[in-house]
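J.: Structure provided below as structure tokens; questions to follow.
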Amino acid sequence: MSSKIEEEFEQPPLWVLVVMYTNYMALYIFGYIADFCRRWNIGKTKKMAQDHKRNKGFSPLHDEFASFFTRNMYMRMRDRFNSPIQSVPGDTFELMDRKSDDQNWTFYFTGKAKKSLNFGSYNYLGFAENTGKCAETAEKTTEEMSCTFSSPRSELGTSKKHLELEEIWSAFLGVEATITFGMGFATNSLNIPAIAGPSCLILSDELNHASLVLGIRLSGAKTIVYKHNDMQDLENKIRNAIINGQDRTFRPYKKIIIVVEGIYSMEGSVVNLPKVIELKKKYNAYLYLDEAHSIGALGSCGRGVVEHFDCDVNDVDIMMGTFTKSFGAAGGYISGKKNIINYLRKTSHAHKYACSMSPGVCEQIIQASGAVASGQGKRRLVELRENALHFRQRLKKMGFIVFGNDFSPVVPLLLYVPSKIALFGRLMEEAGIAVVVVGFPATPIESSRVRFCLSASHSRAQIDQCLKEIDRIGNILQLKHSSQRKLTSNKS
Amino acid sequence: MERFFTLEALKTVPYYHLCIELILIYCIYWLYFSGPQRDRRRRPELTEAEKQKLIDEWEPEPLVPIVEEPQDRIVKQLPGSKIIVDGDECLDFGSFDFLGLNKDEAVVQSGMEGIKDYGVGSCGPRGFFGTFDAHINLEVELANFLGVDEAILYSYGFSTIASAIPAYAKKGDILFIDEQSNFAIQQGAKASRSTIRWYRHNDMDHLKELLDSQAAIEAKNPKKKAKVTRKILIAEGIYQNTGSIAQLKTMVEFKYKYQVRIFLDESNSFGVLGESGKGLTEHLNVDVLDIDLISAETERAIPSIGEHSNAFDLTGDEISPIKHLLLTHPNNNENLNAIRSLVQSAQAQGIALVSGEKLDQDRTCNNISIRLTVSAAFSEEELSSCVDVLSSLIKQLTVSKSSI
């Protein structure tokens with residue numbers, strides 16, 4: 001049990017931080033010079049997006065100062081984001097080759113494509129396929145039931161397929177009822193306002209996903225943010241909230257909801273669920289668990305973080321998750337007690353106003369969850385776990401600083417220095433491996449990173465090839481900052 | 001110079017000066033230490049036992065109130081304009097399939113080919129290898145079709161305008177929004193934390209009033225306010241809640257007069273209005289470049305019947321495919337039930353309708369109506385049969401009402 005909640009967040013040596021801040025300073029100074037030149041039309045690209053001439057004198061759409069980062073830092077590595085592909089995002093994909101003649105302000109396609117190993121998609125169980133049973137039945141259902149119903153679920157958008165999916169999903173998770181929506185992000189942002197309102201309190205992990213943050217903001221509830229996975233901090237904050245009551249009126253809160261995620265996709269950490277459930281019970285709070293990344297990726301039968309910790313599914317009030325990741329489909333669900341789901345059917349914004357899920361997508365999820373429950377799916381789960389563990393441990397042995405939990409299929413490797421973000425991504429692409437690099441503002445300013453998403457469809461040879469390239473590039477870029485490596489090598 | 005730093009310096013300073021400084025030091029001391037004390041007097045420090053008692057006593061409300069199970073109608077699509085609703089074969093006057101493309105063979109075929117090429121899911125956001133060549137091609141095609149600079153695709157209709165508004169509007173900015181705007185616009189405006197000025201539905205005089213008053217505020221503070229505050233006018237091409245068409249020409253006039261940007265939600269008008277289906281701008285002959293942002297839900301893409309009675313007002317412009325039978329009486333439970341039973345009896349007679357019930361959080365929740373959406377797939381007879389059924393049902397309803 002204790003090994004399941006063990007997590008690493010190693011601090012880098014001081015000199016790395018000094019280099020990093022020097023790097024930011026250099027970028028900042030050169031950014032100012034570039035802005036100055038642009039103002040005098042030196043080196044300014046003609047194709048740069050500009051407000052229409054007719055709108056002369058209007059207040060600008062973007063704040064000059066606030067978009068300084070976008071103009072001068074993001075532009076330098078813009079080729080690392082939104083890279084288009086032209087095939088299924090399986091273990092490999094065809095990455096479209098694009099070039100820029102004006103420092104990444106505009107791109108054009110050369111028409112070529114490069115086959116790359118895919119370590120960027122959230123294809124944990126490898127269900128992103130265009131052949132096989134899932135895709136074929138999804139195709140057939142699309143033919144039978146068309147692409148969409150053009151109507152919200154509560155009006156004329158509910159079909160037998162939707163109800164079948166909800167029934168199968170409830171059985172899969174072992175809960176009373178389920179409601180499904182057409183988009184994962186919207187499941188959070190359009191349902192939290194239905195559950196919480198003013199005079200409620202929401203305790204939110206500081207690293208919660210943007211969809212949760214947006215949903216909480218729209219709900220109008222009081223929000224208190226606690227330190228990432230810090231259960232002591234969470235307990236203190238619940239206690240203080242109950243003792244002190246609401247901000248201005250000092251009346252007790254009507255309800256307290258703790259909002260956590262199963263796997264935090266940027267840190268690769270897993271929520272300390274047993275402790276959260278203990279606190280929730282002790283203080284009569286409610287628990288909203290977002291399993292966007294953990295469903296299908298954790299647990300011996302792929303039922304997510306609840307199964308991973310052997311917790312009782314009835315202790316979690318709202319089980320939310322998405323089908324986008326492990327199940328290679330789209331959309332999200334909310335599961336729980338029958339009354340909660342009935343209430344959502346009446347009050348959920350998405351159920352009332354947004355178009356229902358496409359029938360083909362329903363079929364994909366039905367088939368994929370059926371496969372997970374069967375022997376073939378178990379094999380995928382085992383492969384995913386082995387791949388993730390092997391990958392993480394090899395990286396640690398090489399001396400990289402890697403964040404997160406050993407069970408997580410998301411492996412973030414810390415780069416720290418912002419200029420290395422773009423370079424690491426480019427060198428990896430040259431080596432034929434597609435990875436996701438992220439920096440500020442998606443992460444804290446001092447922890448730029450590269451994120452690897454492992455999949456059950458990766459073969460050992462593919463993983464070893466990737467590790468070999470990381471090792472080589474890690475030496476070039478001097479990324480092996482971990483102090484643990486020195487300790488282990490001294491011992492041997 | 002050095003005398004300043006010695007005790008000697010103190011002797012040369014006049015006494016009153018020293019007194020004032022001492023008083024000032026005491027003031028700082030008093031301000032610093034008395035603040036929290038006053039606070040403590042208001043809320044005394046609790047003992048551990050008292051704290052525990054408060055925690056033990058706290059009883060939360062249930063997470064959700066107990067509700068009865070709502071029954072969503074189960075729909076099965078049939079070729080043409082027919083659907084089966086809960087076992088009754090009906091004409092589809094409820095969904096937003098305006099052009100009848102939903103069951104179009106070519107559309108379904110290309111959907112299937114999409115699965116063959118790319119699988120079902122994208123397994124990642126657009127930023128991280130979730131962008132396919134198909135997305136880029138469609139974006140270029142849409143931009144060329146509309147004659148605009150660029151287009152961006154979102155995966156969920158509701159989220160399109162709801163996230164486009166907060167992308168530009170921030171705290172301190174001012175949004176001018178029609179009162180009858182759909183819920184997605186309302187949520188987007190809320191998420192942006194901007195100041196919202198609601199103008200009466202399609203009332204350009206009221207809008208002008210609001211713009212004038214804003215201009216007066218800015219005239220007082222031309223440097224700060226007028227230059228920094230973004231002003232955005234948000235309207236729908238065809239209003240989903242009323243079926244009427246926005247007065248875009250007047251809005252464009254206002255745009256240049258008051259320097260407001262226009263965001264237009266063409267969810268119900270894109271593919272419907274204009275000769276080639278480019279939406280309201282084409283229909284009203286407005287230059288598309290005069291509109292700052294156009295959004296549309298591609299889950300829809302959408303022609304007119306009319307019926308007047310005593311109990312209902314029919315709203316919706318002649319050309320709009322969305323019609324609302326609006327209750328003229330104020331909202332109460334009896335009316336709501338009347339609407340529900342009307343929708344149900346229409347269904348038994350082969351017309352699938354939608355009662356425009358809203359959530360309590362919706363600003364427009366007070367007008368209850370029956371929404372009719374017309375599709376290009378309907379024949380002349382089908383439309384007249386719908387009108388016949390509705391008029392007979394409404395007659396029954398008004399007769400039963402007057403008898404009460």
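So you can find residues: chains in the structure tokens are A, B, ... in the order shown, residues in each start at 1, and ligands are numbered from 1 in order.
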Report as a ChimeraX atom specification all protein, DNA and RNA residues lying within 10 Å of Gln364 of chain A, evaluated on only C-alpha atoms, omitting residues in the same chain fewer than 2 positions from it.

T.: /A:127,133-139,141,165,323,327-330,359-362,366-370 /B:119-121

J.: I need the residues from that last selection saved to file as a short mmCIF file (atom, residue, chain, number, x, y, z; two decimals), in the first residue's frame (with N, CA and C atoms), if you can.

T.:
data_model
loop_
_atom_site.label_atom_id
_atom_site.label_comp_id
_atom_site.auth_asym_id
_atom_site.auth_seq_id
_atom_site.Cartn_x
_atom_site.Cartn_y
_atom_site.Cartn_z
N PHE A 127 -6.24 1.51 -27.84
CA PHE A 127 -7.49 1.34 -28.59
C PHE A 127 -7.62 2.33 -29.74
N LYS A 133 -12.06 -5.08 -34.28
CA LYS A 133 -13.48 -5.16 -33.97
C LYS A 133 -14.07 -3.80 -33.59
N CYS A 134 -13.36 -3.04 -32.77
CA CYS A 134 -13.90 -1.76 -32.28
C CYS A 134 -14.22 -0.83 -33.44
N ALA A 135 -13.23 -0.61 -34.31
CA ALA A 135 -13.42 0.34 -35.42
C ALA A 135 -14.49 -0.17 -36.38
N GLU A 136 -14.49 -1.48 -36.62
CA GLU A 136 -15.46 -2.03 -37.57
C GLU A 136 -16.90 -1.88 -37.08
N THR A 137 -17.15 -2.20 -35.81
CA THR A 137 -18.51 -2.06 -35.29
C THR A 137 -18.91 -0.59 -35.20
N ALA A 138 -17.93 0.27 -34.88
CA ALA A 138 -18.23 1.70 -34.83
C ALA A 138 -18.65 2.20 -36.20
N GLU A 139 -17.97 1.68 -37.23
CA GLU A 139 -18.31 2.05 -38.60
C GLU A 139 -19.71 1.61 -38.96
N THR A 141 -22.20 0.97 -36.93
CA THR A 141 -23.20 1.74 -36.18
C THR A 141 -23.40 3.10 -36.82
N LEU A 165 -24.96 2.03 -23.62
CA LEU A 165 -23.63 2.42 -23.15
C LEU A 165 -23.65 2.73 -21.66
N PHE A 323 -13.62 9.14 -22.01
CA PHE A 323 -13.39 8.00 -22.91
C PHE A 323 -12.31 8.33 -23.93
N PHE A 327 -9.74 4.64 -23.98
CA PHE A 327 -10.68 3.89 -24.80
C PHE A 327 -10.71 4.36 -26.25
N GLY A 328 -9.83 5.24 -26.60
CA GLY A 328 -9.69 5.67 -27.99
C GLY A 328 -10.97 6.22 -28.60
N ALA A 329 -11.82 6.84 -27.79
CA ALA A 329 -13.09 7.36 -28.32
C ALA A 329 -13.15 8.86 -28.04
N ALA A 330 -14.33 9.39 -27.66
CA ALA A 330 -14.46 10.79 -27.29
C ALA A 330 -15.55 10.87 -26.24
N PRO A 359 -23.41 8.13 -32.22
CA PRO A 359 -23.63 6.69 -31.98
C PRO A 359 -22.39 5.84 -32.25
N GLY A 360 -21.61 6.22 -33.26
CA GLY A 360 -20.39 5.47 -33.55
C GLY A 360 -19.41 5.49 -32.40
N VAL A 361 -19.33 6.64 -31.74
CA VAL A 361 -18.44 6.78 -30.59
C VAL A 361 -18.94 5.91 -29.45
N CYS A 362 -20.28 5.87 -29.24
CA CYS A 362 -20.87 5.00 -28.21
C CYS A 362 -20.42 3.56 -28.43
N ILE A 366 -18.39 0.89 -26.06
CA ILE A 366 -18.99 -0.38 -25.65
C ILE A 366 -18.03 -1.53 -25.97
N GLN A 367 -17.48 -1.50 -27.19
CA GLN A 367 -16.58 -2.58 -27.60
C GLN A 367 -15.28 -2.56 -26.80
N ALA A 368 -14.72 -1.36 -26.61
CA ALA A 368 -13.45 -1.27 -25.90
C ALA A 368 -13.58 -1.70 -24.45
N SER A 369 -14.67 -1.27 -23.77
CA SER A 369 -14.82 -1.66 -22.37
C SER A 369 -15.10 -3.16 -22.27
N GLY A 370 -15.79 -3.70 -23.28
CA GLY A 370 -16.01 -5.15 -23.31
C GLY A 370 -14.70 -5.90 -23.44
N GLY B 119 -9.39 6.05 -37.19
CA GLY B 119 -9.94 5.47 -35.96
C GLY B 119 -11.00 6.40 -35.40
N VAL B 120 -11.53 6.09 -34.22
CA VAL B 120 -12.63 6.89 -33.66
C VAL B 120 -12.11 8.11 -32.90
N GLY B 121 -11.20 7.90 -31.98
CA GLY B 121 -10.76 9.01 -31.14
C GLY B 121 -9.45 9.61 -31.57
#

J.: Near Lys4 of chain A, within 12 Å and counting only C-alpha atoms, which residues show up once chain neighbours fewer than 3 positions away are dropped, as a ChimeraX atom specification?

T.: /A:1,7-8,269-274,298-299,305,308-310,404-408

J.: List the spatial neighbours of Asp315 of chain A as a PyMOL selection string - criterion: any atom at most 10 Å away, only C-alpha atoms, same-chain residues fewer than 6 positions off excluded.

T.: chain A and resi 274+277-278+280-281+286-287+306+336

J.: Please provide the set of residues having any atom within 9 Å of Met319 of chain A, restricted to only C-alpha atoms, with same-chain residues fewer than 2 positions apart removed, written as a ChimeraX atom specification.

T.: /A:287-291,313,316-317,321,333-336

J.: So which one's closest to chain B, A:Thr106, A:Gln232, A:Asn191, A:Asn342? Using only C-alpha atoms, please.

T.: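 Of all the options, A:Asn342 lies closest to chain B.
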
J.: For chain A, report every residue with an atom at most 7 Å from chain B (counting only C-alpha atoms), formatted as a ChimeraX atom specification.

T.: /A:58-59,61,81-89,120-123,128-130,135,139,142-143,145-148,150-151,154-160,183,195,218,242-243,254-255,284,324-325,328-330,339-340,342-343,345-347,354,361,436

J.: Once DSSP has gone over the backbone, tell me which residues of segment 373-478 of chain A are in strand (DSSP E), as a PyMOL selection string.

T.: chain A and resi 404-405+410-414+433-434+436-438+449-453

J.: What would the file look like if the residues just selected were written as a PDB file, in the first residue's frame with N, CA, C and O atoms?

T.:
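Saved result, again.pdb, follows:
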ATOM      1  N   GLY A 404       6.774  11.808 -10.309  1.00  0.00           N
ATOM      2  CA  GLY A 404       5.544  11.038 -10.241  1.00  0.00           C
ATOM      3  C   GLY A 404       5.619   9.667  -9.638  1.00  0.00           C
ATOM      4  O   GLY A 404       6.601   9.268  -9.028  1.00  0.00           O
ATOM      5  N   ASN A 405       4.537   8.940  -9.854  1.00  0.00           N
ATOM      6  CA  ASN A 405       4.283   7.653  -9.235  1.00  0.00           C
ATOM      7  C   ASN A 405       4.699   6.525 -10.172  1.00  0.00           C
ATOM      8  O   ASN A 405       4.531   6.628 -11.388  1.00  0.00           O
ATOM      9  N   VAL A 410       2.065   8.051 -17.318  1.00  0.00           N
ATOM     10  CA  VAL A 410       2.545   9.358 -17.750  1.00  0.00           C
ATOM     11  C   VAL A 410       3.888   9.578 -17.066  1.00  0.00           C
ATOM     12  O   VAL A 410       3.985   9.512 -15.852  1.00  0.00           O
ATOM     13  N   VAL A 411       4.936   9.800 -17.855  1.00  0.00           N
ATOM     14  CA  VAL A 411       6.262   9.962 -17.278  1.00  0.00           C
ATOM     15  C   VAL A 411       6.839  11.323 -17.656  1.00  0.00           C
ATOM     16  O   VAL A 411       7.277  11.522 -18.780  1.00  0.00           O
ATOM     17  N   PRO A 412       6.832  12.297 -16.731  1.00  0.00           N
ATOM     18  CA  PRO A 412       7.430  13.584 -17.050  1.00  0.00           C
ATOM     19  C   PRO A 412       8.922  13.596 -16.720  1.00  0.00           C
ATOM     20  O   PRO A 412       9.316  13.150 -15.651  1.00  0.00           O
ATOM     21  N   LEU A 413       9.735  14.071 -17.654  1.00  0.00           N
ATOM     22  CA  LEU A 413      11.186  14.174 -17.451  1.00  0.00           C
ATOM     23  C   LEU A 413      11.524  15.653 -17.440  1.00  0.00           C
ATOM     24  O   LEU A 413      11.163  16.399 -18.342  1.00  0.00           O
ATOM     25  N   LEU A 414      12.214  16.074 -16.394  1.00  0.00           N
ATOM     26  CA  LEU A 414      12.403  17.512 -16.205  1.00  0.00           C
ATOM     27  C   LEU A 414      13.542  18.063 -17.043  1.00  0.00           C
ATOM     28  O   LEU A 414      14.618  17.479 -17.097  1.00  0.00           O
ATOM     29  N   ILE A 433      11.051  10.178 -33.156  1.00  0.00           N
ATOM     30  CA  ILE A 433      10.199   9.935 -31.988  1.00  0.00           C
ATOM     31  C   ILE A 433       9.421  11.208 -31.670  1.00  0.00           C
ATOM     32  O   ILE A 433      10.008  12.281 -31.518  1.00  0.00           O
ATOM     33  N   ALA A 434       8.100  11.093 -31.589  1.00  0.00           N
ATOM     34  CA  ALA A 434       7.265  12.257 -31.302  1.00  0.00           C
ATOM     35  C   ALA A 434       6.971  12.306 -29.815  1.00  0.00           C
ATOM     36  O   ALA A 434       6.460  11.342 -29.245  1.00  0.00           O
ATOM     37  N   VAL A 436       5.827  15.022 -26.306  1.00  0.00           N
ATOM     38  CA  VAL A 436       5.181  16.278 -25.927  1.00  0.00           C
ATOM     39  C   VAL A 436       6.120  17.041 -25.010  1.00  0.00           C
ATOM     40  O   VAL A 436       6.539  16.523 -23.980  1.00  0.00           O
ATOM     41  N   VAL A 437       6.497  18.263 -25.401  1.00  0.00           N
ATOM     42  CA  VAL A 437       7.297  19.102 -24.514  1.00  0.00           C
ATOM     43  C   VAL A 437       6.407  20.229 -24.009  1.00  0.00           C
ATOM     44  O   VAL A 437       5.604  20.772 -24.756  1.00  0.00           O
ATOM     45  N   VAL A 438       6.527  20.520 -22.741  1.00  0.00           N
ATOM     46  CA  VAL A 438       5.693  21.574 -22.167  1.00  0.00           C
ATOM     47  C   VAL A 438       6.520  22.504 -21.300  1.00  0.00           C
ATOM     48  O   VAL A 438       7.461  22.087 -20.648  1.00  0.00           O
ATOM     49  N   ARG A 449       9.281  20.671 -18.918  1.00  0.00           N
ATOM     50  CA  ARG A 449       9.468  19.226 -18.951  1.00  0.00           C
ATOM     51  C   ARG A 449       9.114  18.627 -20.299  1.00  0.00           C
ATOM     52  O   ARG A 449       8.549  19.294 -21.163  1.00  0.00           O
ATOM     53  N   VAL A 450       9.488  17.365 -20.466  1.00  0.00           N
ATOM     54  CA  VAL A 450       9.015  16.601 -21.602  1.00  0.00           C
ATOM     55  C   VAL A 450       8.176  15.487 -21.007  1.00  0.00           C
ATOM     56  O   VAL A 450       8.476  14.964 -19.935  1.00  0.00           O
ATOM     57  N   ARG A 451       7.064  15.153 -21.676  1.00  0.00           N
ATOM     58  CA  ARG A 451       6.149  14.166 -21.118  1.00  0.00           C
ATOM     59  C   ARG A 451       6.025  12.984 -22.062  1.00  0.00           C
ATOM     60  O   ARG A 451       5.745  13.150 -23.247  1.00  0.00           O
ATOM     61  N   PHE A 452       6.256  11.801 -21.524  1.00  0.00           N
ATOM     62  CA  PHE A 452       6.098  10.590 -22.319  1.00  0.00           C
ATOM     63  C   PHE A 452       4.820   9.899 -21.866  1.00  0.00           C
ATOM     64  O   PHE A 452       4.599   9.739 -20.677  1.00  0.00           O
ATOM     65  N   CYS A 453       3.980   9.510 -22.819  1.00  0.00           N
ATOM     66  CA  CYS A 453       2.796   8.723 -22.472  1.00  0.00           C
ATOM     67  C   CYS A 453       3.004   7.325 -23.003  1.00  0.00           C
ATOM     68  O   CYS A 453       3.115   7.123 -24.208  1.00  0.00           O
TER      69      CYS A 453
END

J.: For atom CA of Asn118 of chain A and atom CA of Ser326 of chain A, determine how far apart the two atoms are, in Å to one decimal place.

T.: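 Distance reported for this atom pair: 14.8 Å.
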
J.: As number ranges by chain, please: the residues near Gly237 of chain B (cut-off 8 Å, only C-alpha atoms, same-chain neighbours under 4 positions excluded).

T.: B: 245-246, 264-269, 279-280

J.: Select, from B:Asp287, B:Ile394, B:Ser276, B:Leu91, the residue with the minimum atom-to-atom distance to Ala348 of chain B, counting only C-alpha atoms.

T.: B:Leu91

J.: Show which residues sit within 7 Å of Tyr416 of chain A, as a ChimeraX atom specification. Count only C-alpha atoms, and ignore same-chain residues fewer than 4 positions away.

T.: /A:20,446-449

J.: Could you turn the residues from that selection into a file that holds N, CA and C atoms, as a PDB file, in the first residue's frame?

T.:
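This went into again-v2.pdb:
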ATOM      1  N   MET A  20      18.994  28.218 -15.524  1.00  0.00           N
ATOM      2  CA  MET A  20      17.621  28.407 -16.010  1.00  0.00           C
ATOM      3  C   MET A  20      17.217  29.872 -15.953  1.00  0.00           C
ATOM      4  N   GLU A 446       9.633  27.170 -13.325  1.00  0.00           N
ATOM      5  CA  GLU A 446      10.959  26.570 -13.165  1.00  0.00           C
ATOM      6  C   GLU A 446      10.973  25.096 -13.525  1.00  0.00           C
ATOM      7  N   SER A 447       9.862  24.516 -13.951  1.00  0.00           N
ATOM      8  CA  SER A 447       9.905  23.080 -14.222  1.00  0.00           C
ATOM      9  C   SER A 447       9.376  22.739 -15.617  1.00  0.00           C
ATOM     10  N   SER A 448      10.039  23.267 -16.627  1.00  0.00           N
ATOM     11  CA  SER A 448       9.727  22.862 -18.000  1.00  0.00           C
ATOM     12  C   SER A 448      10.046  21.384 -18.127  1.00  0.00           C
ATOM     13  N   ARG A 449       9.281  20.671 -18.918  1.00  0.00           N
ATOM     14  CA  ARG A 449       9.468  19.226 -18.951  1.00  0.00           C
ATOM     15  C   ARG A 449       9.114  18.627 -20.299  1.00  0.00           C
TER      16      ARG A 449
END

J.: To test your reading of the structure, identify every residue in segment 313-417 of chain A that backbone DSSP assigns to alpha helix (DSSP H), and report it as a ChimeraX atom specification.

T.: /A:338-347,349-353,359-373,375-398

J.: From the list A:Leu279, A:Ile216, A:Ile192, A:Ile470, which residue is nearest Asp233 of chain A when using only C-alpha atoms?

T.: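 For Asp233 of chain A, the nearest of the candidates is A:Leu279.
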
J.: Please, what distance in Å, to one decimal, runs between atom CA of Gln462 of chain A and atom CA of His390 of chain A?

T.: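 Rounded to one decimal, the two atoms are 12.3 Å apart.
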